[in-house]
Each structure stands twice: as C-alpha cells, then as structure tokens.
Amino acid sequence: MASATTTPPTNGHAPAQPAPPTPPAPPAPTPAAPPTGFNAGTPGGELALCPYCGHRQSNRVQCERCKGLFEPLSRQATQNAMGPWYLRDEQNPFRPGCSFEKLKALAEKGRVQRDSIIRGPTTRQFWTLACNTPGVAVLLGECHSCHRRVSPDDYMCKSCGVVLGYTGDRQHMGLSPIKLLPGEASPAAVASSVMGTSDRRPHGPVREIPAITPAPAAPVQQRMPEPAPVTQAEPEGPAPISAGARLAERRRQSRRDAMRVAIATIIGVGVMGGAIGAVAMFSPSSGDAEAAQAETPDQP
Ligand SMILES: [Zn+2]
Ligand SMILES: [Zn+2]
C-alpha cells in the first residue's frame with residue numbers, strides 16, 4: 001500500500017524521485033488490482049498510455065519514461081500535487097503542472113533556483129525566471145522586484161515595499177483578461193479594449209532578471225506576450241507602402257494637370273487668334289449676311 005503511492009510524477013520532479021506529496025485519502029480500494037494506466041489499452045494495440053507524461057509503452061505497471069506508477073493511489077497522489085505551476089524541464093516536458101505547495105517544496109530542496117525557468121499564476125503563465133516571479137522569489141530569499149535579500153517568511157519587502165507572498169488556490173491560472181486584436185473589431189473597439197482594461201498588477205509578472213540579463217531584452221519580451229502589438233504590426237506594414245504610392249500618384253497627377261493647362265492654354269490662344277482673324281476677315285460681309293437674313297422674312 002505504502003509502496004503504491006511512491007511515484008506521483010509531478011512537474012519539476014526528477015523522474016525517479018519518490019513522491020513528496022502527502023499520502024492521499026484512500027480513493028480507490030483496489031491497491032492490489034492489476035495496475036493499468038488510465039488509458040491502458042489504447043487503440044494502438046497493447047500499449048499503455050502513461051497518464052502523467054503521455055508516454056506509450058508496453059509496461060502496464062510503471063511508466064518507463066517518468067517512472068510514475070499507474071495504480072489508483074499513485075494517480076491520486078499525483079492529482080493532489082497538480083496545480084498551475086510549471087518548472088521548465090526539457091528532460092520531462094510533458095509533466096503536469098504542480099501546486100504552489102509542491103513548488104515550495106521543490107524550492108526548499110534546491111530544485112528551484114533563482115535562474116530556474118518557471119511559469120504560474122503570478123507570471124500569467126508566461127515563462128519567467130524564478131527570481132522575478134512574485135511569490136516564488138521570496139522562497140529563495142530574494143525580492144522579486146528589487147532583488148534585495150528577504151526572508152522566506154516576509155510578507156512585504158522592507159526595501160521596496162512590494163508584497164512578496166502568494167496566496168492562490170490550485171485552480172487559479174492567473175491569466176490576464178482577453179483583449180481584442182487588430183482586425184477582430186473596429187479600430188475604436190480594439191483601442192478601447194486594449195487601453196480601457198489595462199489591468200496593472202501590483203507586481204509586473206514578466207519582468208526580466210536584473211542581474212543575469214541586462215535590461216534591453218526585458219521590455220521587448222514584456223511586450224511580446226501581449227498579442228496586440230504583434231498583430232498591430234500587420235496593419236501598419238502596408239500603410240507606408242500605400243502612403244508612398246499615394247505621394248507618387250499625386251506627383252504624377254500634378255504633372256499631368258500642368259501639361260493639360262499648358263495644352264489648353266496653347267489651344268485657347270490658337271483658337272482665340274483664329275477667331276480674331278476670322279472676325280476680321282468676315283466682318284465686312286457679315287453685315288451683308290445679316291442684312292440678307294433680315295430681309296429674308298420680308299421677301300415672300
Ligand atoms: Zn510517464
Ligand atoms: Zn523589494
């Protein structure tokens with residue numbers, strides 16, 4: 001029974017490590033039952049699917065990859081330790097997230113360090129260094145904001161006054177509100193969506209490390225996650241091109257207009273000259289013609 005709970009592989013854990021999570025309440029009364037995975041007997045054939053890391057294998061008792069046991073108590077123990085915190089681990093990228101308590105235990109064991117890459121509710125689920133993560137840096141004896149020394153029990157940083165601790169339940173992901181992106185609505189609606197609900201958290205979550213990485217990368221990365229600017233670039237892209245085209249078109253148009261004016265002037269002058277000449281030529285006989293016309297009615 002006790003051995004049944006040995007391997008709940010939660011995120012951030014070395015695969016073979018036995019489970020720190022507390023022995024769970026007895027959920028399933030069949031510890032001796034032949035241990036099969038949640039998804040044992042997948043369509044793939046006789047392979048079992050590890051419920052913890054998704055590895056498919058023939059072993060139906062324990063995962064060859066993450067070492068998790070498949071029987072019910074181990075599953076429950078893993079479930080108990082699950083939560084919205086993730087420790088980036090390239091060796092085991094498919095582990096479930098862990099609870100804050102679990103993360104805290106990992107920090108106390110030295111498995112989370114200031115340059116560990118984590119994400120969770122206080123980072124809005126963006127990957128962040130542990131030393132910049134509210135609620136986690138304090139566990140490492142560091143203020144996430146000013147990076148001065150603090151005690152893991154401190155509520156508030158004595159240097160900068162920021163609140164250090166984290167209180168949240170395991171269901172809380174900490175995601176920021178959804179905002180409209182350019183193209184999804186009218187520009188006015190997008191603007192008010194982006195500007196209006198700018199929720200400023202007490203402590204910026206996606207700040208970069210002060211000591212390890214110099215500032216330049218920080219602002220860029222901070223903004224990258226915000227979806228708006230990325231897509232904003234698209235509408236702006238075509239704009240300069242069409243503006244230039246418009247300018248060129250305007251220049252062409254004004255050149256055309258100037259030509260037209262010149263031609264019209266030449267024609268006008270020519271016509272005027274011709275008209276004057278004609279008037280001069282026909283003026284003597286025109287009086288006769290008028291007289292003849294005037295006389296015409298009288299003729300019959
Ligand atoms: Zn596994
Ligand atoms: Zn501070």
# chains A, B, ... in the order shown; residues from 1 in each chain; ligands from 1

$ residues_around --residues "segment 130-136 of chain A" --least-positions-apart "2" --cutoff "7 Å" --atoms "only C-alpha atoms" --output "list in words"
Gln113, Arg114, Asp115, Ser116, Ile117, Ile118, Thr122, Thr123, Thr128, Val138, Leu139, Leu140, Glu142, His144, Ser145, Leu164, Gly165, Tyr166, Pro205, Arg207, Glu208 and Ile209 of chain A

$ write_last_selection --atoms "C-alpha atoms" --output "compact mmCIF listing (two decimals), in the first residue's frame"
# COMPACT_ATOMS: atom_id res chain seq x y z
CA GLN A 113 16.77 28.19 -8.04
CA ARG A 114 16.80 31.83 -8.96
CA ASP A 115 17.57 31.13 -12.59
CA SER A 116 15.08 28.30 -12.90
CA ILE A 117 12.51 28.94 -15.58
CA ILE A 118 9.00 28.64 -14.29
CA THR A 122 1.81 35.31 -10.90
CA THR A 123 3.54 35.24 -14.27
CA THR A 128 9.83 33.67 -16.23
CA VAL A 138 10.73 35.10 -1.81
CA LEU A 139 11.02 31.38 -1.26
CA LEU A 140 14.59 31.75 -2.49
CA GLU A 142 15.00 37.33 -2.76
CA HIS A 144 11.21 39.61 -7.00
CA SER A 145 11.05 43.37 -7.52
CA LEU A 164 6.19 39.10 -1.57
CA GLY A 165 3.93 36.21 -0.80
CA TYR A 166 1.49 34.34 -2.95
CA PRO A 205 4.89 39.44 -13.75
CA ARG A 207 9.97 41.18 -15.73
CA GLU A 208 13.38 40.01 -16.74
CA ILE A 209 16.27 39.35 -14.45

$ select_by_dssp --residues "segment 33-131 of chain A" --states "alpha helix (DSSP H)" --output "number ranges by chain"
A: 72-81, 100-108

$ residues_near_ligand --ligand "ligand 2" --cutoff "7 Å" --atoms "only C-alpha atoms and all ligand atoms" --output "list in words"
Cys143, His144, Ser145, Cys146, His147, Arg148, Cys157, Lys158, Ser159, Cys160, Gly161 and Val162 of chain A

$ residues_near_ligand --ligand "ligand 1" --cutoff "9 Å" --atoms "only C-alpha atoms and all ligand atoms" --output "ChimeraX atom specification"
/A:9,15,49-56,62-70,92,94-95

$ atom_distance --atom1 "atom CA of Glu46 of chain A" --atom2 "atom CA of Asp89 of chain A"
29.1 Å
